[in-house]
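Written out below as structure tokens is the structure these notes cover.
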Amino acid sequence: MANARDVQLDALRAIAVTMVMYSHFFAAGGSSFWGHIGVRLFFVLSGFLITRLLLEARSAAAFEAGPALRSFYIRRALRIFPPYFAVLGFVWLFDLEQSRGSLVWHALYLSNFWYALRNDWTPWVLCHFWSLSIEEQFYIAWPLVVLLAPYRRFEQICIGVIALSLAYRFYWPVTANPALARDLLPPASMDALASGGLLACWRLRGAGLPQWMRLGWPAFAAAFLMIEWFVAAPPDPTLEWARWLLLQVLPLVPLMAIVAACSRGLGGIPGRFAELPPLLALGRVSYGVYLYHPILLSLAIKSQAWIPLNVSEQGPGRFLVASTATIVVASISWLVFERPLNSLKRHFPYVRRTQAAGWFARPAQAYAGGSPDGRTPSLDLPRTDARP
């Protein structure tokens with residue numbers, strides 16, 4: 001059963017996917033910085049939830065790396081693959097936007113490379129798959145790090161990955177023209193994913209955010225909004241790169257602070273808002289919403305003659321119709337298709353339940369190197385199987 005902290009993380013998923021729908025259905029030009037922030041929030045959530053789950057499994061007395069890795073990949077496949085490949089099958093069947101020529105790339109989770117190499121968002125109907133490809137590439141490598149690396153080095157590994165991702169952005173002669181490669185290649189997103197992993201590491205050893213993050217995140221957020229709203233993109237490539245760099249890096253600390261707060265459970269009015277039933281329901285189906293929303297938009301545009309509202313252009317009509325259709329389809333998909341398959345994950349536990357009440361009892365020192373502060377980690381293995 002999900003505890004309060006994971007309930008509020010469902011609310012964050014809902015907010016993130018709403019930002020994406022706003023960007024693609026309402027914002028001028030079919031994109032806005034809110035959509036990008038929504039994707040970055042998904043990345044931080046994914047890094048946090050996956051890392052926390054694996055570290056908690058690693059702390060169990062009956063932990064074995066091989067079976068845990070096998071279970072991880074099977075469980076992720078059960079959650080991610082069926083609706084993903086159903087979308088690809090639908091696109092292939094109807095050849096939406098003549099997408100068949102690129103389907104092999106998408107089927108191999110190389111969408112980000114497809115768009116980056118061509119520096120073009122064609123076909124648009126599958127352009128959102130770039131972020132799903134990033135996550136899948138992350139899922140392939142990161143569990144090996146979490147489950148096999150010495151625990152005492154794990155925090156340093158997270159910081160190192162973040163540093164390498166930030167360093168990638170400084171290689172502007174190659175990655176900035178501007179070009180899609182600077183946003184879509186894996187190093188451009190590893191900072192957000194590893195930031196979530198760093199949060200999970202801190203949580204496991206009972207630590208909170210560093211003081212400079214707790215006190216400084218509003219300043220980072222304000223600086224980001226000031227640059228986005230009031231500093232126009234300059235024509236000079238070097239200045240344009242500097243502006244882009246700031247817009248990528250500044251939101252990281254606020255996003256980490258928000259995920260950390262909701263993972264602990266917000267109180268008061270923010271907490272009650274984060275636990276509103278409609279918000280939580282949207283969070284539960286957010287993976288489907290993200291998967292299906294461009295498909296539903298494409299179909300809505302083709303059906304404009306039968307729709308009284310204007311869905312052919314960005315605006316309230318498109319947002320209302322396409323968002324409603326997307327949420328309805330995602331909800332049906334979850335109830336009829338995804339949830340039954342998701343329930344099969346119970347057959348693939350991360351740790352063999354051979355010791356009944358004793359398998360959670362492994363102390364923190366049983367990690368390779370021990371927990372840095374000697375505390376026994378929380379091992380309540382909450383639900384983390386909704387889309388990270």
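Convention: chains lettered A, B, ... in structure tokens order; per-chain residue numbering from 1; ligands numbered from 1 as shown.
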Inset, instruction - Would you mind listing what lies within 10 Å of Glu338 (chain A) as a ChimeraX atom specification, with only C-alpha atoms counted and same-chain residues fewer than 3 positions away left out? - result: /A:78-83,285,288,330-335,341-343
For the residues in the current selection, export all heavy atoms as a tab-separated table (two decimals), in the first residue's frame.
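out_34.tsv was written with the following content:
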```
chain	number	residue	atom	x	y	z
A	78	LEU	N	7.36	-5.30	-17.83
A	78	LEU	CA	5.92	-5.46	-17.65
A	78	LEU	C	5.22	-4.12	-17.55
A	78	LEU	O	4.09	-3.95	-18.05
A	78	LEU	CB	5.64	-6.28	-16.38
A	78	LEU	CG	5.91	-7.78	-16.47
A	78	LEU	CD1	5.84	-8.42	-15.09
A	78	LEU	CD2	4.92	-8.45	-17.42
A	79	ARG	N	5.87	-3.15	-16.93
A	79	ARG	CA	5.24	-1.85	-16.75
A	79	ARG	C	5.32	-0.99	-18.01
A	79	ARG	O	4.37	-0.29	-18.36
A	79	ARG	CB	5.93	-1.11	-15.58
A	79	ARG	CG	5.37	0.31	-15.34
A	79	ARG	CD	3.94	0.22	-14.84
A	79	ARG	NE	3.30	1.53	-14.78
A	79	ARG	CZ	2.41	1.95	-15.66
A	79	ARG	NH1	2.08	1.19	-16.69
A	79	ARG	NH2	1.84	3.12	-15.53
A	80	ILE	N	6.45	-1.04	-18.70
A	80	ILE	CA	6.72	-0.06	-19.76
A	80	ILE	C	6.39	-0.59	-21.15
A	80	ILE	O	5.80	0.12	-21.97
A	80	ILE	CB	8.20	0.36	-19.69
A	80	ILE	CG1	8.46	1.14	-18.40
A	80	ILE	CG2	8.58	1.21	-20.89
A	80	ILE	CD1	9.92	1.43	-18.16
A	81	PHE	N	6.78	-1.82	-21.46
A	81	PHE	CA	6.73	-2.29	-22.84
A	81	PHE	C	5.32	-2.42	-23.43
A	81	PHE	O	5.11	-2.00	-24.58
A	81	PHE	CB	7.45	-3.62	-22.96
A	81	PHE	CG	8.95	-3.53	-22.89
A	81	PHE	CD1	9.72	-4.68	-22.94
A	81	PHE	CD2	9.60	-2.30	-22.76
A	81	PHE	CE1	11.11	-4.60	-22.87
A	81	PHE	CE2	10.98	-2.21	-22.68
A	81	PHE	CZ	11.73	-3.37	-22.73
A	82	PRO	N	4.34	-3.03	-22.74
A	82	PRO	CA	3.06	-3.29	-23.42
A	82	PRO	C	2.40	-2.05	-24.01
A	82	PRO	O	2.09	-2.04	-25.21
A	82	PRO	CB	2.22	-3.95	-22.32
A	82	PRO	CG	3.23	-4.61	-21.44
A	82	PRO	CD	4.39	-3.65	-21.41
A	83	PRO	N	2.17	-0.97	-23.24
A	83	PRO	CA	1.54	0.20	-23.88
A	83	PRO	C	2.45	0.88	-24.88
A	83	PRO	O	1.97	1.43	-25.88
A	83	PRO	CB	1.20	1.12	-22.69
A	83	PRO	CG	2.09	0.68	-21.59
A	83	PRO	CD	2.32	-0.78	-21.78
A	285	VAL	N	-2.23	7.49	-13.91
A	285	VAL	CA	-2.28	7.15	-15.34
A	285	VAL	C	-1.35	8.03	-16.16
A	285	VAL	O	-1.47	8.12	-17.38
A	285	VAL	CB	-3.73	7.26	-15.87
A	285	VAL	CG1	-4.65	6.33	-15.11
A	285	VAL	CG2	-4.25	8.69	-15.82
A	288	GLY	N	0.45	6.58	-19.30
A	288	GLY	CA	-0.42	6.49	-20.46
A	288	GLY	C	-0.72	7.84	-21.07
A	288	GLY	O	-0.75	7.99	-22.30
A	330	ALA	N	-6.14	7.01	-21.56
A	330	ALA	CA	-5.12	6.55	-20.60
A	330	ALA	C	-5.77	5.83	-19.42
A	330	ALA	O	-5.22	4.83	-18.92
A	330	ALA	CB	-4.29	7.72	-20.12
A	331	SER	N	-6.91	6.31	-18.97
A	331	SER	CA	-7.60	5.67	-17.85
A	331	SER	C	-8.11	4.28	-18.23
A	331	SER	O	-7.98	3.32	-17.47
A	331	SER	CB	-8.77	6.54	-17.37
A	331	SER	OG	-8.29	7.81	-16.94
A	332	ILE	N	-8.69	4.17	-19.43
A	332	ILE	CA	-9.14	2.87	-19.91
A	332	ILE	C	-7.96	1.92	-20.07
A	332	ILE	O	-8.02	0.75	-19.69
A	332	ILE	CB	-9.91	3.03	-21.24
A	332	ILE	CG1	-11.20	3.83	-21.01
A	332	ILE	CG2	-10.22	1.67	-21.85
A	332	ILE	CD1	-11.93	4.20	-22.28
A	333	SER	N	-6.87	2.43	-20.63
A	333	SER	CA	-5.67	1.63	-20.81
A	333	SER	C	-5.16	1.11	-19.48
A	333	SER	O	-4.77	-0.06	-19.36
A	333	SER	CB	-4.59	2.47	-21.50
A	333	SER	OG	-3.36	1.78	-21.56
A	334	TRP	N	-5.18	1.96	-18.46
A	334	TRP	CA	-4.69	1.55	-17.14
A	334	TRP	C	-5.58	0.45	-16.55
A	334	TRP	O	-5.09	-0.56	-16.06
A	334	TRP	CB	-4.63	2.75	-16.21
A	334	TRP	CG	-4.40	2.39	-14.77
A	334	TRP	CD1	-5.29	2.46	-13.75
A	334	TRP	CD2	-3.19	1.87	-14.20
A	334	TRP	NE1	-4.72	2.03	-12.57
A	334	TRP	CE2	-3.43	1.66	-12.82
A	334	TRP	CE3	-1.94	1.56	-14.72
A	334	TRP	CZ2	-2.47	1.15	-11.96
A	334	TRP	CZ3	-0.98	1.05	-13.86
A	334	TRP	CH2	-1.23	0.85	-12.50
A	335	LEU	N	-6.89	0.64	-16.62
A	335	LEU	CA	-7.81	-0.31	-15.99
A	335	LEU	C	-7.87	-1.64	-16.72
A	335	LEU	O	-7.90	-2.71	-16.09
A	335	LEU	CB	-9.21	0.31	-15.92
A	335	LEU	CG	-9.37	1.53	-14.99
A	335	LEU	CD1	-10.74	2.16	-15.18
A	335	LEU	CD2	-9.16	1.12	-13.53
A	341	LEU	N	-1.47	-6.36	-16.21
A	341	LEU	CA	-0.10	-6.77	-16.47
A	341	LEU	C	0.82	-6.35	-15.33
A	341	LEU	O	1.74	-7.08	-14.95
A	341	LEU	CB	0.38	-6.15	-17.79
A	341	LEU	CG	-0.25	-6.73	-19.06
A	341	LEU	CD1	0.13	-5.90	-20.27
A	341	LEU	CD2	0.16	-8.18	-19.26
A	342	ASN	N	0.55	-5.17	-14.79
A	342	ASN	CA	1.36	-4.67	-13.68
A	342	ASN	C	1.29	-5.60	-12.47
A	342	ASN	O	2.25	-5.74	-11.71
A	342	ASN	CB	0.87	-3.27	-13.30
A	342	ASN	CG	1.98	-2.38	-12.81
A	342	ASN	OD1	3.09	-2.41	-13.34
A	342	ASN	ND2	1.69	-1.57	-11.82
A	343	SER	N	0.14	-6.23	-12.28
A	343	SER	CA	-0.03	-7.12	-11.13
A	343	SER	C	0.86	-8.36	-11.21
A	343	SER	O	1.11	-9.01	-10.19
A	343	SER	CB	-1.50	-7.54	-11.01
A	343	SER	OG	-1.87	-8.39	-12.10
```
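Excluding Tyr168 (chain A) itself and any same-chain residue fewer than 4 positions from it, the protein and nucleic acid residues within 8 Å of it, counting only C-alpha atoms, are Leu164, Pro187 and Ala188 of chain A.
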Next, dump the selected residues to file, keeping only N, CA and C atoms, as a short mmCIF file (atom, residue, chain, number, x, y, z; two decimals), in the first residue's frame.
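Saved to again03.cif:
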```
data_model
loop_
_atom_site.label_atom_id
_atom_site.label_comp_id
_atom_site.auth_asym_id
_atom_site.auth_seq_id
_atom_site.Cartn_x
_atom_site.Cartn_y
_atom_site.Cartn_z
N LEU A 164 29.60 15.27 -14.92
CA LEU A 164 29.87 14.95 -16.31
C LEU A 164 28.76 15.48 -17.22
N PRO A 187 23.79 12.34 -22.23
CA PRO A 187 24.43 13.16 -21.18
C PRO A 187 23.62 14.40 -20.79
N ALA A 188 22.76 14.87 -21.69
CA ALA A 188 21.99 16.08 -21.39
C ALA A 188 20.94 15.87 -20.31
#
```
Distance table requested - region 100-189 of chain A against region 204-208 of chain A, cut-off 12 Å, only C-alpha atoms: one row per qualifying residue with the closest atom pair and its distance in Å to one decimal, ordered by chain and rising residue number, as CSV.
```
residue,atom,partner,partner_atom,distance
A:Tyr151,CA,A:Arg205,CA,10.9
A:Arg152,CA,A:Arg205,CA,11.0
A:Phe154,CA,A:Leu204,CA,11.6
A:Glu155,CA,A:Arg205,CA,10.8
```
The selected residues should be written to file as an mmCIF file, in the first residue's frame (atoms: C-alpha atoms).
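Printed below is selection.cif as written:
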```
data_model
loop_
_atom_site.group_PDB
_atom_site.id
_atom_site.type_symbol
_atom_site.label_atom_id
_atom_site.label_comp_id
_atom_site.auth_asym_id
_atom_site.auth_seq_id
_atom_site.Cartn_x
_atom_site.Cartn_y
_atom_site.Cartn_z
ATOM 1 C CA TYR A 151 27.783 1.729 -1.243
ATOM 2 C CA ARG A 152 30.286 4.070 0.361
ATOM 3 C CA PHE A 154 27.558 5.666 -4.410
ATOM 4 C CA GLU A 155 27.038 9.293 -3.434
#
```
Inset, instruction - Identify, on the basis of only C-alpha atoms, every residue whose closest approach to Leu55 (chain A) does not exceed 8 Å; exclude the query and any residue fewer than 3 positions from it along the same chain; express the result as an MDAnalysis selection string. - result: chainID A and resid 51:52 58:59 146:147 201 204
Kindly save the residues from that selection, with all heavy atoms included, as an mmCIF file, in the first residue's frame.
```
data_model
loop_
_atom_site.group_PDB
_atom_site.id
_atom_site.type_symbol
_atom_site.label_atom_id
_atom_site.label_comp_id
_atom_site.auth_asym_id
_atom_site.auth_seq_id
_atom_site.Cartn_x
_atom_site.Cartn_y
_atom_site.Cartn_z
ATOM 1 N N THR A 51 16.200 4.404 -7.790
ATOM 2 C CA THR A 51 17.371 4.239 -6.927
ATOM 3 C C THR A 51 16.957 3.853 -5.519
ATOM 4 O O THR A 51 17.564 2.964 -4.896
ATOM 5 C CB THR A 51 18.201 5.528 -6.894
ATOM 6 O OG1 THR A 51 18.555 5.898 -8.238
ATOM 7 C CG2 THR A 51 19.472 5.336 -6.082
ATOM 8 N N ARG A 52 15.917 4.494 -4.983
ATOM 9 C CA ARG A 52 15.458 4.156 -3.638
ATOM 10 C C ARG A 52 15.007 2.706 -3.561
ATOM 11 O O ARG A 52 15.367 1.967 -2.629
ATOM 12 C CB ARG A 52 14.308 5.080 -3.227
ATOM 13 C CG ARG A 52 13.894 4.917 -1.764
ATOM 14 C CD ARG A 52 12.704 5.783 -1.435
ATOM 15 N NE ARG A 52 11.495 5.285 -2.070
ATOM 16 C CZ ARG A 52 10.314 5.892 -1.982
ATOM 17 N NH1 ARG A 52 10.205 7.036 -1.319
ATOM 18 N NH2 ARG A 52 9.252 5.386 -2.571
ATOM 19 N N ARG A 58 18.652 -3.837 -1.888
ATOM 20 C CA ARG A 58 20.037 -4.232 -1.618
ATOM 21 C C ARG A 58 20.297 -4.395 -0.122
ATOM 22 O O ARG A 58 21.167 -5.171 0.293
ATOM 23 C CB ARG A 58 20.974 -3.191 -2.220
ATOM 24 C CG ARG A 58 22.451 -3.485 -2.003
ATOM 25 C CD ARG A 58 23.316 -2.456 -2.715
ATOM 26 N NE ARG A 58 24.723 -2.684 -2.403
ATOM 27 C CZ ARG A 58 25.724 -2.037 -2.982
ATOM 28 N NH1 ARG A 58 25.472 -1.124 -3.910
ATOM 29 N NH2 ARG A 58 26.970 -2.289 -2.646
ATOM 30 N N SER A 59 19.571 -3.696 0.696
ATOM 31 C CA SER A 59 19.798 -3.747 2.138
ATOM 32 C C SER A 59 19.211 -4.990 2.799
ATOM 33 O O SER A 59 19.440 -5.239 3.975
ATOM 34 C CB SER A 59 19.215 -2.499 2.803
ATOM 35 O OG SER A 59 17.802 -2.533 2.750
ATOM 36 N N VAL A 146 23.789 0.812 -9.054
ATOM 37 C CA VAL A 146 23.166 0.841 -7.721
ATOM 38 C C VAL A 146 23.409 -0.460 -6.964
ATOM 39 O O VAL A 146 23.701 -0.443 -5.756
ATOM 40 C CB VAL A 146 21.656 1.109 -7.844
ATOM 41 C CG1 VAL A 146 20.995 1.092 -6.472
ATOM 42 C CG2 VAL A 146 21.403 2.447 -8.532
ATOM 43 N N LEU A 147 23.307 -1.574 -7.657
ATOM 44 C CA LEU A 147 23.366 -2.860 -6.972
ATOM 45 C C LEU A 147 24.766 -3.430 -6.836
ATOM 46 O O LEU A 147 25.009 -4.294 -5.981
ATOM 47 C CB LEU A 147 22.484 -3.880 -7.700
ATOM 48 C CG LEU A 147 20.978 -3.573 -7.711
ATOM 49 C CD1 LEU A 147 20.220 -4.637 -8.477
ATOM 50 C CD2 LEU A 147 20.421 -3.431 -6.301
ATOM 51 N N CYS A 201 19.885 8.352 -2.133
ATOM 52 C CA CYS A 201 21.027 8.008 -1.283
ATOM 53 C C CYS A 201 20.964 8.775 0.030
ATOM 54 O O CYS A 201 21.157 8.204 1.108
ATOM 55 C CB CYS A 201 22.324 8.310 -2.027
ATOM 56 S SG CYS A 201 23.829 7.903 -1.118
ATOM 57 N N LEU A 204 18.172 7.338 2.241
ATOM 58 C CA LEU A 204 18.474 6.053 2.847
ATOM 59 C C LEU A 204 19.323 6.203 4.101
ATOM 60 O O LEU A 204 19.152 5.464 5.074
ATOM 61 C CB LEU A 204 19.189 5.146 1.843
ATOM 62 C CG LEU A 204 19.330 3.688 2.274
ATOM 63 C CD1 LEU A 204 17.968 3.006 2.356
ATOM 64 C CD2 LEU A 204 20.249 2.926 1.336
#
```
So that I can see what lies close to region 123-135 of chain A, please list as a PDB file with N, CA, C and O atoms, in the first residue's frame the residues with an atom at most 7 Å from it, counting only C-alpha atoms and leaving out residues fewer than 3 positions away in the same chain.
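What landed in out.pdb:
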```
ATOM      1  N   GLU A  97       1.613  10.271 -39.921  1.00  0.00           N
ATOM      2  CA  GLU A  97       2.712  11.161 -40.326  1.00  0.00           C
ATOM      3  C   GLU A  97       3.839  10.397 -41.035  1.00  0.00           C
ATOM      4  O   GLU A  97       4.998  10.738 -40.936  1.00  0.00           O
ATOM      5  N   SER A  99       5.245   7.559 -40.422  1.00  0.00           N
ATOM      6  CA  SER A  99       6.222   7.249 -39.380  1.00  0.00           C
ATOM      7  C   SER A  99       6.896   5.895 -39.545  1.00  0.00           C
ATOM      8  O   SER A  99       7.832   5.587 -38.806  1.00  0.00           O
ATOM      9  N   TYR A 109      14.317   1.860 -28.698  1.00  0.00           N
ATOM     10  CA  TYR A 109      14.514   2.938 -27.721  1.00  0.00           C
ATOM     11  C   TYR A 109      15.719   3.802 -28.095  1.00  0.00           C
ATOM     12  O   TYR A 109      16.551   4.144 -27.257  1.00  0.00           O
ATOM     13  N   LEU A 110      15.754   4.171 -29.359  1.00  0.00           N
ATOM     14  CA  LEU A 110      16.786   5.073 -29.864  1.00  0.00           C
ATOM     15  C   LEU A 110      16.155   6.327 -30.471  1.00  0.00           C
ATOM     16  O   LEU A 110      16.745   6.972 -31.337  1.00  0.00           O
ATOM     17  N   SER A 111      14.962   6.681 -30.012  1.00  0.00           N
ATOM     18  CA  SER A 111      14.259   7.844 -30.556  1.00  0.00           C
ATOM     19  C   SER A 111      15.078   9.113 -30.401  1.00  0.00           C
ATOM     20  O   SER A 111      15.093   9.971 -31.303  1.00  0.00           O
ATOM     21  N   ASN A 112      15.753   9.255 -29.256  1.00  0.00           N
ATOM     22  CA  ASN A 112      16.535  10.470 -29.035  1.00  0.00           C
ATOM     23  C   ASN A 112      17.653  10.592 -30.066  1.00  0.00           C
ATOM     24  O   ASN A 112      17.952  11.691 -30.552  1.00  0.00           O
ATOM     25  N   PHE A 138      18.785   4.750 -19.352  1.00  0.00           N
ATOM     26  CA  PHE A 138      19.137   4.878 -17.940  1.00  0.00           C
ATOM     27  C   PHE A 138      18.864   3.576 -17.186  1.00  0.00           C
ATOM     28  O   PHE A 138      19.681   3.108 -16.394  1.00  0.00           O
ATOM     29  N   TYR A 139      17.705   2.952 -17.464  1.00  0.00           N
ATOM     30  CA  TYR A 139      17.342   1.717 -16.782  1.00  0.00           C
ATOM     31  C   TYR A 139      18.305   0.573 -17.095  1.00  0.00           C
ATOM     32  O   TYR A 139      18.479  -0.343 -16.294  1.00  0.00           O
ATOM     33  N   LEU A 184      18.992  16.125 -26.578  1.00  0.00           N
ATOM     34  CA  LEU A 184      18.458  14.780 -26.718  1.00  0.00           C
ATOM     35  C   LEU A 184      19.459  13.660 -26.463  1.00  0.00           C
ATOM     36  O   LEU A 184      19.046  12.533 -26.209  1.00  0.00           O
ATOM     37  N   PRO A 186      22.020  11.320 -24.399  1.00  0.00           N
ATOM     38  CA  PRO A 186      21.892  10.915 -22.990  1.00  0.00           C
ATOM     39  C   PRO A 186      22.576  11.821 -21.978  1.00  0.00           C
ATOM     40  O   PRO A 186      21.992  12.084 -20.916  1.00  0.00           O
ATOM     41  N   PRO A 294       0.173  12.724 -28.018  1.00  0.00           N
ATOM     42  CA  PRO A 294       0.320  13.188 -29.414  1.00  0.00           C
ATOM     43  C   PRO A 294      -0.542  12.389 -30.398  1.00  0.00           C
ATOM     44  O   PRO A 294      -1.009  12.942 -31.399  1.00  0.00           O
ATOM     45  N   ILE A 295      -0.769  11.112 -30.097  1.00  0.00           N
ATOM     46  CA  ILE A 295      -1.621  10.293 -30.959  1.00  0.00           C
ATOM     47  C   ILE A 295      -3.050  10.827 -30.936  1.00  0.00           C
ATOM     48  O   ILE A 295      -3.697  10.979 -31.988  1.00  0.00           O
TER      49      ILE A 295
END
```
